[in-house]
>>> print(open('structure_7.txt').read())   # compact mmCIF, C-alpha atoms and all ligand atoms
# COMPACT_ATOMS: atom_id res chain seq x y z
CA MET A 37 119.31 102.44 64.74
CA PRO A 38 116.49 100.34 63.13
CA GLU A 39 113.33 102.32 62.31
CA PHE A 40 109.69 101.28 62.26
CA HIS A 41 109.18 99.11 59.19
CA LEU A 42 106.75 96.53 57.88
CA PRO A 43 107.52 93.54 55.65
CA GLU A 44 106.79 93.64 51.94
CA HIS A 45 103.22 92.47 51.14
CA PHE A 46 102.17 93.23 54.72
CA GLU A 47 98.50 92.39 55.21
CA THR A 48 96.65 94.77 57.52
CA TYR A 49 94.11 93.49 60.02
CA PRO A 50 91.11 94.80 58.01
CA GLU A 51 92.53 93.09 54.88
CA ALA A 52 93.01 89.84 56.78
CA ARG A 53 89.43 90.05 58.11
CA LYS A 54 88.09 90.57 54.63
CA LYS A 55 89.98 87.55 53.30
CA ALA A 56 88.81 85.47 56.27
CA PHE A 57 85.23 86.48 55.58
CA LEU A 58 85.45 85.03 52.03
CA THR A 59 86.99 81.79 53.35
CA LEU A 60 84.30 81.54 55.98
CA LYS A 61 81.55 82.08 53.42
CA GLU A 62 82.90 79.13 51.41
CA LEU A 63 83.12 76.97 54.52
CA LYS A 64 79.57 77.86 55.46
CA GLU A 65 78.32 77.00 51.98
CA GLN A 66 80.02 73.62 52.34
CA GLY A 67 78.03 73.03 55.54
CA HIS A 68 80.96 73.59 57.91
CA ARG A 69 80.20 74.32 61.59
CA ILE A 70 81.13 77.79 62.86
CA VAL A 71 81.11 78.99 66.48
CA GLY A 72 81.63 82.65 67.46
CA VAL A 73 83.82 83.41 70.49
CA PHE A 74 85.05 86.45 72.43
CA CYS A 75 87.41 85.65 75.21
CA THR A 76 90.62 83.91 76.31
CA TYR A 77 88.61 81.82 78.78
CA THR A 78 86.89 80.06 75.86
CA PRO A 79 87.80 76.34 75.68
CA TRP A 80 88.63 76.34 71.96
CA GLU A 81 89.56 72.66 72.17
CA LEU A 82 85.89 71.69 72.56
CA ILE A 83 84.97 73.66 69.44
CA GLU A 84 87.78 71.94 67.57
CA ALA A 85 86.62 68.56 68.93
CA ALA A 86 83.12 69.31 67.57
CA ASP A 87 84.71 69.68 64.10
CA ALA A 88 83.77 73.35 64.13
CA THR A 89 85.77 76.49 63.41
CA ALA A 90 86.02 79.17 66.11
CA VAL A 91 85.81 82.78 64.92
CA ILE A 92 86.57 85.86 67.00
CA LEU A 93 83.65 88.26 67.30
CA CYS A 94 85.31 91.08 69.28
CA GLY A 95 84.49 94.41 67.63
CA VAL A 96 87.49 96.57 66.73
CA GLY A 97 86.07 99.68 65.03
CA ASP A 98 83.73 102.45 66.13
CA ASP A 99 81.28 102.29 63.15
CA ALA A 100 78.70 100.16 64.93
CA ILE A 101 78.96 101.89 68.32
CA PRO A 102 76.11 104.41 67.71
CA ALA A 103 73.77 101.49 66.97
CA ALA A 104 74.89 99.73 70.15
CA GLU A 105 74.27 102.89 72.16
CA THR A 106 70.57 102.74 71.30
CA ARG A 107 70.42 99.85 73.79
CA LEU A 108 73.62 99.99 75.83
CA PRO A 109 74.89 102.82 78.03
CA GLN A 110 77.33 105.25 76.40
CA ASN A 111 79.84 104.95 79.22
CA LEU A 112 80.58 101.31 78.50
CA CYS A 113 83.77 99.68 77.19
CA PRO A 114 84.14 100.20 73.41
CA LEU A 115 84.96 96.53 72.88
CA ILE A 116 81.57 95.55 74.26
CA LYS A 117 79.67 98.24 72.37
CA ALA A 118 81.45 97.53 69.08
CA SER A 119 80.85 93.78 69.39
CA TYR A 120 77.17 94.18 70.17
CA GLY A 121 76.65 96.94 67.59
CA LEU A 122 78.05 94.74 64.81
CA ALA A 123 75.78 91.87 65.79
CA LEU A 124 72.73 94.09 66.15
CA THR A 125 73.16 95.75 62.76
CA ASP A 126 74.05 92.45 61.07
CA ARG A 127 77.26 94.03 59.80
CA CYS A 128 79.63 91.46 61.17
CA PRO A 129 79.96 88.58 58.67
CA PHE A 130 81.54 86.49 61.40
CA PHE A 131 78.52 86.88 63.67
CA TYR A 132 76.23 86.28 60.70
CA PHE A 133 77.97 83.02 59.77
CA SER A 134 78.24 81.74 63.34
CA ASP A 135 75.78 78.96 64.12
CA MET A 136 76.02 79.82 67.79
CA VAL A 137 78.08 81.96 70.18
CA LEU A 138 80.20 80.68 73.05
CA ALA A 139 80.43 83.50 75.60
CA GLU A 140 81.43 83.85 79.25
CA THR A 141 80.58 85.93 82.31
CA THR A 142 83.82 87.87 82.65
CA CYS A 143 83.20 91.57 83.36
CA ASP A 144 79.77 92.98 84.21
CA GLY A 145 79.44 94.85 80.91
CA LYS A 146 80.08 91.80 78.81
CA LYS A 147 77.86 89.45 80.72
CA LYS A 148 74.88 91.82 80.64
CA MET A 149 75.49 92.53 76.93
CA TYR A 150 75.33 88.77 76.23
CA GLU A 151 71.81 88.72 77.61
CA LEU A 152 70.82 91.10 74.80
CA MET A 153 72.91 89.22 72.27
CA SER A 154 71.05 86.02 73.17
CA GLU A 155 67.95 87.58 71.59
CA LEU A 156 69.79 87.58 68.25
CA LYS A 157 71.44 84.14 68.26
CA HIS A 158 71.88 81.09 70.45
CA CYS A 159 74.54 82.09 73.02
CA HIS A 160 75.95 79.54 75.40
CA ILE A 161 77.13 81.63 78.33
CA MET A 162 79.71 80.00 80.58
CA GLN A 163 79.52 81.16 84.18
CA LEU A 164 83.01 82.05 85.36
CA PRO A 165 83.81 81.81 89.09
CA PRO A 166 84.73 85.26 90.50
CA GLY A 167 88.15 84.01 91.62
CA LYS A 168 90.37 81.06 90.76
CA THR A 169 91.21 80.11 94.32
CA GLY A 170 87.77 80.37 95.92
CA VAL A 171 86.11 77.38 97.53
CA LYS A 172 85.09 74.91 94.82
CA ALA A 173 86.10 77.34 92.05
CA LEU A 174 87.62 74.56 89.94
CA GLU A 175 84.71 72.19 90.56
CA PHE A 176 82.27 74.91 89.50
CA TRP A 177 84.29 75.81 86.39
CA LYS A 178 84.73 72.17 85.40
CA ALA A 179 80.94 71.75 85.40
CA GLU A 180 80.74 74.79 83.09
CA VAL A 181 83.27 73.18 80.72
CA VAL A 182 81.12 70.03 80.68
CA SER A 183 78.05 72.14 79.92
CA VAL A 184 79.80 73.58 76.84
CA LYS A 185 80.52 70.08 75.58
CA GLU A 186 76.92 69.02 76.19
CA ASP A 187 75.49 72.09 74.47
CA LEU A 188 77.73 71.60 71.40
CA GLU A 189 76.62 67.95 71.26
CA GLN A 190 72.95 68.83 71.53
CA PHE A 191 73.10 71.81 69.18
CA TYR A 192 74.86 69.91 66.40
CA GLY A 193 73.42 66.45 67.18
CA ILE A 194 76.89 64.91 67.61
CA THR A 195 78.94 63.06 70.21
CA ILE A 196 82.26 64.51 71.29
CA THR A 197 84.52 61.69 72.43
CA ASP A 198 87.41 62.01 74.90
CA GLU A 199 89.72 60.81 72.14
CA ARG A 200 88.62 63.69 69.89
CA ILE A 201 89.16 66.19 72.74
CA ARG A 202 92.65 64.77 73.34
CA GLN A 203 93.51 65.24 69.66
CA ALA A 204 92.21 68.82 69.79
CA ILE A 205 94.28 69.54 72.92
CA HIS A 206 97.40 68.21 71.21
CA LEU A 207 96.78 70.31 68.10
CA ARG A 208 96.12 73.49 70.07
CA ASN A 209 99.19 72.93 72.22
CA ARG A 210 101.24 72.79 69.02
CA GLU A 211 99.56 75.98 67.87
CA ARG A 212 100.32 77.63 71.25
CA LYS A 213 103.99 76.76 70.85
CA ALA A 214 104.12 78.24 67.31
CA VAL A 215 102.43 81.45 68.50
CA LEU A 216 104.75 81.71 71.52
CA ASP A 217 107.86 81.22 69.37
CA PHE A 218 106.65 84.05 67.13
CA PHE A 219 106.10 86.39 70.10
CA GLU A 220 109.50 85.54 71.49
CA VAL A 221 111.36 86.77 68.40
CA ALA A 222 110.88 90.23 69.90
CA ARG A 223 113.02 89.20 72.88
CA LEU A 224 115.99 89.70 70.58
CA LYS A 225 117.65 93.09 71.02
CA PRO A 226 117.24 95.07 68.84
CA SER A 227 113.96 93.47 67.84
CA PRO A 228 113.73 92.48 64.17
CA VAL A 229 109.91 92.59 64.25
CA SER A 230 107.61 95.51 64.96
CA GLY A 231 104.96 95.22 67.67
CA TYR A 232 102.46 96.37 65.09
CA GLU A 233 103.29 93.35 62.94
CA ILE A 234 103.07 91.07 65.98
CA ASN A 235 99.66 92.42 67.03
CA THR A 236 98.36 92.28 63.45
CA VAL A 237 99.67 88.80 62.64
CA ILE A 238 98.41 87.27 65.87
CA ALA A 239 94.94 88.81 65.44
CA ALA A 240 94.78 87.94 61.74
CA THR A 241 95.94 84.33 62.10
CA ASP A 242 93.17 83.76 64.64
CA PHE A 243 90.93 83.76 61.57
CA TYR A 244 92.76 80.84 59.93
CA PRO A 245 90.21 78.02 59.88
CA ASN A 246 92.97 75.46 59.38
CA LEU A 247 95.28 75.34 62.40
CA GLU A 248 97.98 73.42 60.52
CA GLU A 249 98.19 76.33 58.05
CA LYS A 250 98.42 78.78 60.93
CA ILE A 251 101.21 76.75 62.58
CA SER A 252 103.19 76.51 59.37
CA TYR A 253 102.77 80.23 58.54
CA LEU A 254 103.95 81.28 62.01
CA THR A 255 106.85 78.83 62.02
CA ARG A 256 108.04 80.14 58.65
CA ARG A 257 107.72 83.81 59.67
CA THR A 258 109.52 83.17 62.97
CA GLN A 259 112.48 81.64 61.13
CA GLU A 260 112.55 84.51 58.58
CA LEU A 261 112.71 87.04 61.42
CA LYS A 262 115.46 85.15 63.23
CA ASP A 263 117.49 85.08 59.99
CA LEU A 264 116.80 88.80 59.51
CA TYR A 265 118.13 89.47 63.00
CA GLU A 266 121.38 87.65 62.26
CA LYS A 267 121.80 89.48 58.94
CA GLU A 268 120.71 93.03 59.72
CA TYR A 269 120.04 93.68 63.40
CA LYS A 270 122.58 91.84 65.56
CA GLY A 271 125.00 94.18 67.29
CA LYS A 272 123.12 97.35 66.34
CA PRO A 273 121.78 99.78 68.99
CA SER A 274 118.19 99.32 70.10
CA ARG A 275 115.39 101.86 70.29
CA PRO A 276 113.59 102.09 73.67
CA ARG A 277 111.70 98.84 74.28
CA ILE A 278 108.11 98.97 75.46
CA LEU A 279 105.92 96.29 76.99
CA ILE A 280 102.15 96.74 76.58
CA THR A 281 99.77 95.69 79.34
CA GLY A 282 96.10 96.17 80.21
CA CYS A 283 93.03 95.65 78.00
CA PRO A 284 93.10 93.90 74.61
CA THR A 285 94.66 96.18 71.95
CA ASN A 286 93.21 94.86 68.68
CA GLY A 287 90.83 97.85 68.53
CA VAL A 288 93.61 100.41 69.14
CA MET A 289 96.42 98.85 67.14
CA ASP A 290 96.85 101.84 64.81
CA LYS A 291 96.08 104.41 67.45
CA ILE A 292 98.59 103.20 70.05
CA ILE A 293 100.85 100.33 68.97
CA ARG A 294 101.72 101.73 65.55
CA ARG A 295 102.05 105.28 66.90
CA ILE A 296 104.53 104.22 69.60
CA GLU A 297 106.71 102.75 66.88
CA GLU A 298 106.33 105.68 64.49
CA LEU A 299 107.30 107.97 67.36
CA GLY A 300 110.59 106.18 67.99
CA ALA A 301 110.25 103.15 70.29
CA ASP A 302 109.77 99.39 69.73
CA VAL A 303 106.79 97.54 71.14
CA VAL A 304 108.44 94.24 72.06
CA GLY A 305 105.83 92.48 74.16
CA PHE A 306 102.21 92.26 75.20
CA GLU A 307 101.11 91.34 78.70
CA ASN A 308 97.44 91.31 77.69
CA CYS A 309 95.05 89.04 75.86
CA CYS A 310 96.73 89.95 72.55
CA GLY A 311 100.00 88.55 73.91
CA PRO A 312 101.34 85.22 75.12
CA ARG A 313 99.14 85.28 78.27
CA GLU A 314 97.59 81.87 77.71
CA LYS A 315 100.05 80.63 75.08
CA LYS A 316 102.74 80.14 77.72
CA ASP A 317 100.57 77.69 79.55
CA PRO A 318 99.82 74.47 77.60
CA ILE A 319 97.09 72.04 78.55
CA ASP A 320 98.28 68.95 80.42
CA GLU A 321 97.97 66.11 77.91
CA THR A 322 98.36 63.35 80.52
CA LYS A 323 95.20 64.09 82.50
CA ASP A 324 91.49 63.50 81.97
CA PRO A 325 90.87 66.02 79.13
CA ILE A 326 87.93 67.89 80.69
CA THR A 327 89.80 68.37 84.00
CA ALA A 328 92.91 69.50 82.13
CA ILE A 329 90.92 72.05 80.08
CA ALA A 330 89.18 73.41 83.18
CA GLU A 331 92.45 73.75 85.09
CA LYS A 332 94.21 75.47 82.21
CA TYR A 333 91.60 78.14 81.52
CA LEU A 334 91.09 78.88 85.19
CA ARG A 335 94.75 79.92 85.31
CA VAL A 336 94.22 82.85 82.84
CA ASN A 337 95.46 86.06 84.51
CA CYS A 338 92.57 88.39 83.69
CA SER A 339 91.63 91.33 85.89
CA VAL A 340 88.07 89.99 86.13
CA MET A 341 89.44 87.47 88.65
CA SER A 342 89.72 88.53 92.25
CA PRO A 343 92.40 88.34 93.51
CA ASN A 344 94.63 88.24 90.42
CA PRO A 345 98.27 88.03 91.62
CA GLY A 346 99.30 85.99 88.58
CA ARG A 347 99.19 89.12 86.44
CA LEU A 348 101.96 90.86 88.36
CA GLU A 349 103.99 87.66 88.34
CA ALA A 350 103.60 87.48 84.54
CA LEU A 351 104.57 91.17 84.22
CA ASP A 352 107.64 90.57 86.34
CA VAL A 353 108.83 87.76 84.08
CA GLN A 354 107.94 89.52 80.83
CA ILE A 355 109.65 92.81 81.71
CA ASP A 356 112.88 90.83 82.22
CA GLU A 357 112.52 88.41 79.33
CA TYR A 358 111.70 91.13 76.82
CA GLN A 359 114.23 93.59 78.33
CA ALA A 360 111.56 96.29 78.54
CA ASP A 361 112.64 99.88 79.25
CA GLY A 362 109.10 101.05 79.96
CA VAL A 363 105.50 99.83 80.29
CA VAL A 364 102.45 101.35 78.58
CA GLU A 365 99.14 100.28 80.04
CA VAL A 366 96.10 100.56 77.77
CA ILE A 367 92.79 100.95 79.59
CA LEU A 368 89.64 101.01 77.50
CA HIS A 369 87.01 103.49 78.70
CA ALA A 370 84.87 102.15 81.52
CA CYS A 371 86.92 98.98 81.99
CA HIS A 372 86.70 98.95 85.77
CA THR A 373 88.63 95.77 86.45
CA PHE A 374 91.77 96.72 84.52
CA GLY A 375 91.29 100.37 85.57
CA ILE A 376 91.42 99.47 89.25
CA GLU A 377 94.27 97.00 88.82
CA SER A 378 96.31 99.75 87.14
CA TYR A 379 97.08 101.24 90.58
CA ASN A 380 99.02 98.12 91.60
CA VAL A 381 100.47 97.66 88.14
CA LYS A 382 101.96 101.17 88.19
CA LYS A 383 103.29 100.65 91.70
CA PHE A 384 104.87 97.34 90.75
CA VAL A 385 106.43 98.63 87.53
CA THR A 386 107.85 101.83 88.98
CA GLU A 387 108.76 100.70 92.51
CA GLU A 388 109.71 97.03 92.08
CA LYS A 389 110.93 96.95 88.50
CA LYS A 390 112.09 100.58 88.62
CA ILE A 391 111.16 101.45 85.04
CA PRO A 392 108.77 104.15 83.76
CA TYR A 393 105.05 103.51 83.32
CA LEU A 394 102.39 105.32 81.30
CA MET A 395 98.66 104.67 81.39
CA ILE A 396 96.48 105.56 78.42
CA ASN A 397 92.73 105.57 78.88
CA THR A 398 91.03 105.52 75.49
CA ASP A 399 88.28 104.21 73.24
CA TYR A 400 87.93 103.34 69.54
CA SER A 401 87.40 106.91 68.30
CA SER A 402 90.15 109.05 66.79
CA GLY A 403 89.26 112.19 68.78
CA ASP A 404 92.07 111.79 71.34
CA GLN A 405 94.85 110.85 68.89
CA ALA A 406 96.70 114.17 69.18
CA GLN A 407 96.62 114.05 72.97
CA ILE A 408 97.84 110.42 72.96
CA ASP A 409 100.66 111.29 70.55
CA THR A 410 101.83 114.10 72.84
CA ARG A 411 101.89 111.83 75.88
CA LEU A 412 103.59 108.98 74.00
CA SER A 413 106.24 111.34 72.58
CA ALA A 414 107.09 112.68 76.04
CA PHE A 415 107.24 109.13 77.44
CA ILE A 416 109.51 107.87 74.66
CA GLU A 417 111.77 110.90 75.00
CA MET A 418 112.16 110.10 78.68
CA LEU A 419 113.24 106.54 77.77
CA SER A 420 115.71 107.58 75.07
S1 LIG A 501 90.90 90.70 79.00
FE1 LIG A 501 89.77 89.18 80.25
S2 LIG A 501 87.66 89.36 79.58
FE2 LIG A 501 88.94 90.35 77.99
S3 LIG A 501 89.40 88.71 76.50
FE3 LIG A 501 91.03 88.69 78.00
S4 LIG A 501 90.39 87.14 79.51
FE4 LIG A 501 88.58 87.73 78.36
S1 LIG A 502 88.28 95.47 78.20
FE1 LIG A 502 87.48 95.41 80.30
S2 LIG A 502 85.37 96.18 80.18
FE2 LIG A 502 86.06 95.70 78.09
S3 LIG A 502 85.32 93.62 77.75
FE3 LIG A 502 87.43 93.44 78.50
S4 LIG A 502 87.26 93.23 80.76
FE4 LIG A 502 85.27 93.99 79.96
>>> encode(input="structure_7.txt", output="structure tokens")
Amino acid sequence: MPEFHLPEHFETYPEARKKAFLTLKELKEQGHRIVGVFCTYTPWELIEAADATAVILCGVGDDAIPAAETRLPQNLCPLIKASYGLALTDRCPFFYFSDMVLAETTCDGKKKMYELMSELKHCHIMQLPPGKTGVKALEFWKAEVVSVKEDLEQFYGITITDERIRQAIHLRNRERKAVLDFFEVARLKPSPVSGYEINTVIAATDFYPNLEEKISYLTRRTQELKDLYEKEYKGKPSRPRILITGCPTNGVMDKIIRRIEELGADVVGFENCCGPREKKDPIDETKDPITAIAEKYLRVNCSVMSPNPGRLEALDVQIDEYQADGVVEVILHACHTFGIESYNVKKFVTEEKKIPYLMINTDYSSGDQAQIDTRLSAFIEMLS
């Protein structure tokens, strides 16, 4: 049975970040535009259309959390504290090199943190409607998309044409397809790619400033993995297959994703913002570009939306497509929206899909690793 393995010359996420930092420094010195972003609701196409590079500012380690806690409450999501702490202490090169930040009012913690972040750098904060189906939700959100375009134009002293937005939509749709194809390699059984590699590669390639390079890297790796499946995996027994759901996992990749695989199961899919959540849903290239962008991002299945039935529908499809034997839900401390949704997620997974479910509530520290390992081991044993 295949074991947890990583490819030769595997680049870890911290290594990829370090390399990206050097690339970004060069771009900045050449006068390139850089915009910091946090969330899946961000209309990246407008940043692309402004000839700027988008960089992810989500904090993934706990080093800067004590600094953040001098201003933010301790019982707040680690992603929010880590992101703010890095900005506050000037230890995030990506925040440092960003000309401005494009943020959004998703959960309460994030939106209030952005108010403090605005004291450090120009933050354009998009107001998200509380639900996607509410009266005038789309109209409201479309106006917010327009306000991003206008702010980018004013900030950089440029004009963003519809033609340029259309080109950016086309390019990002191609990128979406390349990312989705890479994710879907893990639908093969047994999977020729570890979930740890998937999580790392997807997070690391978000730092590629050149999207054509990202597309060609992912296309090449996808083909290599498909060939590897034919040569070494096809017909062999599979380890238990796990689908991850819940909060973003970039900050707990080693603590949870890698550990699941070291303990004997394969992480084959992600129903979270580190997975194909928005990649499966391209932007309509036949419509007015601003309307198409607004419609697309309003469809994101995040727990900050109320109601959010699309998430269970996505889980339903992904459990089948990825042939999952069990679901592990990762809830970051004090994430109320995903925490509350976990009740219905558990019910759906165990009662409708009739497979086991485990919820892990954690943060970015290593203090609970032993306890997590014990729970994961028992869960995997149950699936074996
Ligand atoms: S989980 Fe929600 S708030 Fe967090 S990045 Fe995804 S869409 Fe944004
Ligand atoms: S994980 Fe939850 S609390 Fe943390 S930023 Fe995302 S939605 Fe907010």
>>> atom_distance(input="structure_7.txt", atom1="atom CA of Lys315 of chain A", atom2="atom CA of Phe218 of chain A")
10.9 Å
>>> residues_around(input="structure_7.txt", residues="Val184 of chain A", least_positions_apart="4", cutoff="9 Å", atoms="all atoms listed in the file", output="list in words")
Pro79, Leu82, Leu138, His160, Ile161, Met162, Ala179, Glu180, Leu188 and Glu189 of chain A
>>> residues_near_ligand(input="structure_7.txt", ligand="ligand LIG 501 (chain A)", cutoff="10 Å", atoms="only C-alpha atoms and all ligand atoms", output="ChimeraX atom specification")
/A:73-78,94,115-116,139-147,282-285,308-311,313-314,333,336-341,371,373-374
>>> atom_distance(input="structure_7.txt", atom1="atom CA of Val366 of chain A", atom2="atom CA of Ile396 of chain A")
5.1 Å
>>> closest_residue(input="structure_7.txt", among="A:Val303, A:Val96, A:Val137, A:Leu334", to="ligand LIG 502 (chain A)", atoms="all atoms listed in the file")
A:Val96
>>> atom_distance(input="structure_7.txt", atom1="atom CA of Ile292 of chain A", atom2="atom CA of Leu419 of chain A")
16.9 Å
>>> closest_residue(input="structure_7.txt", among="A:Phe219, A:Tyr253, A:Tyr120, A:Tyr379", to="Ile367 of chain A", atoms="all atoms listed in the file")
A:Tyr379
>>> decode(input="structure_7.txt", residues="segment 266-280 of chain A", atoms="N, CA and C atoms", output="compact mmCIF listing (two decimals), in the first residue's frame")
# COMPACT_ATOMS: atom_id res chain seq x y z
N GLU A 266 -0.20 5.76 -13.47
CA GLU A 266 -0.23 4.62 -14.41
C GLU A 266 0.91 3.65 -14.14
N LYS A 267 2.08 4.20 -13.80
CA LYS A 267 3.28 3.37 -13.63
C LYS A 267 3.32 2.64 -12.29
N GLU A 268 2.94 3.36 -11.21
CA GLU A 268 3.22 2.79 -9.88
C GLU A 268 2.01 2.58 -8.97
N TYR A 269 0.90 3.23 -9.26
CA TYR A 269 -0.22 3.19 -8.30
C TYR A 269 -1.41 2.35 -8.76
N LYS A 270 -1.69 2.39 -10.04
CA LYS A 270 -2.91 1.78 -10.59
C LYS A 270 -3.04 0.32 -10.12
N GLY A 271 -4.21 -0.01 -9.62
CA GLY A 271 -4.47 -1.39 -9.22
C GLY A 271 -4.01 -1.75 -7.82
N LYS A 272 -3.29 -0.83 -7.16
CA LYS A 272 -2.81 -1.14 -5.81
C LYS A 272 -3.89 -0.75 -4.79
N PRO A 273 -3.85 -1.33 -3.57
CA PRO A 273 -4.87 -0.94 -2.57
C PRO A 273 -4.64 0.49 -2.09
N SER A 274 -5.73 1.11 -1.67
CA SER A 274 -5.65 2.51 -1.22
C SER A 274 -5.66 2.60 0.31
N ARG A 275 -4.98 3.61 0.83
CA ARG A 275 -5.12 3.90 2.26
C ARG A 275 -6.47 4.61 2.45
N PRO A 276 -6.95 4.74 3.69
CA PRO A 276 -8.20 5.48 3.90
C PRO A 276 -8.08 6.89 3.30
N ARG A 277 -9.16 7.35 2.68
CA ARG A 277 -9.14 8.63 1.96
C ARG A 277 -9.93 9.68 2.74
N ILE A 278 -9.26 10.79 3.00
CA ILE A 278 -9.89 11.82 3.85
C ILE A 278 -10.11 13.12 3.09
N LEU A 279 -11.29 13.69 3.28
CA LEU A 279 -11.60 15.01 2.73
C LEU A 279 -11.54 16.01 3.89
N ILE A 280 -10.84 17.12 3.65
CA ILE A 280 -10.73 18.18 4.67
C ILE A 280 -11.79 19.24 4.41
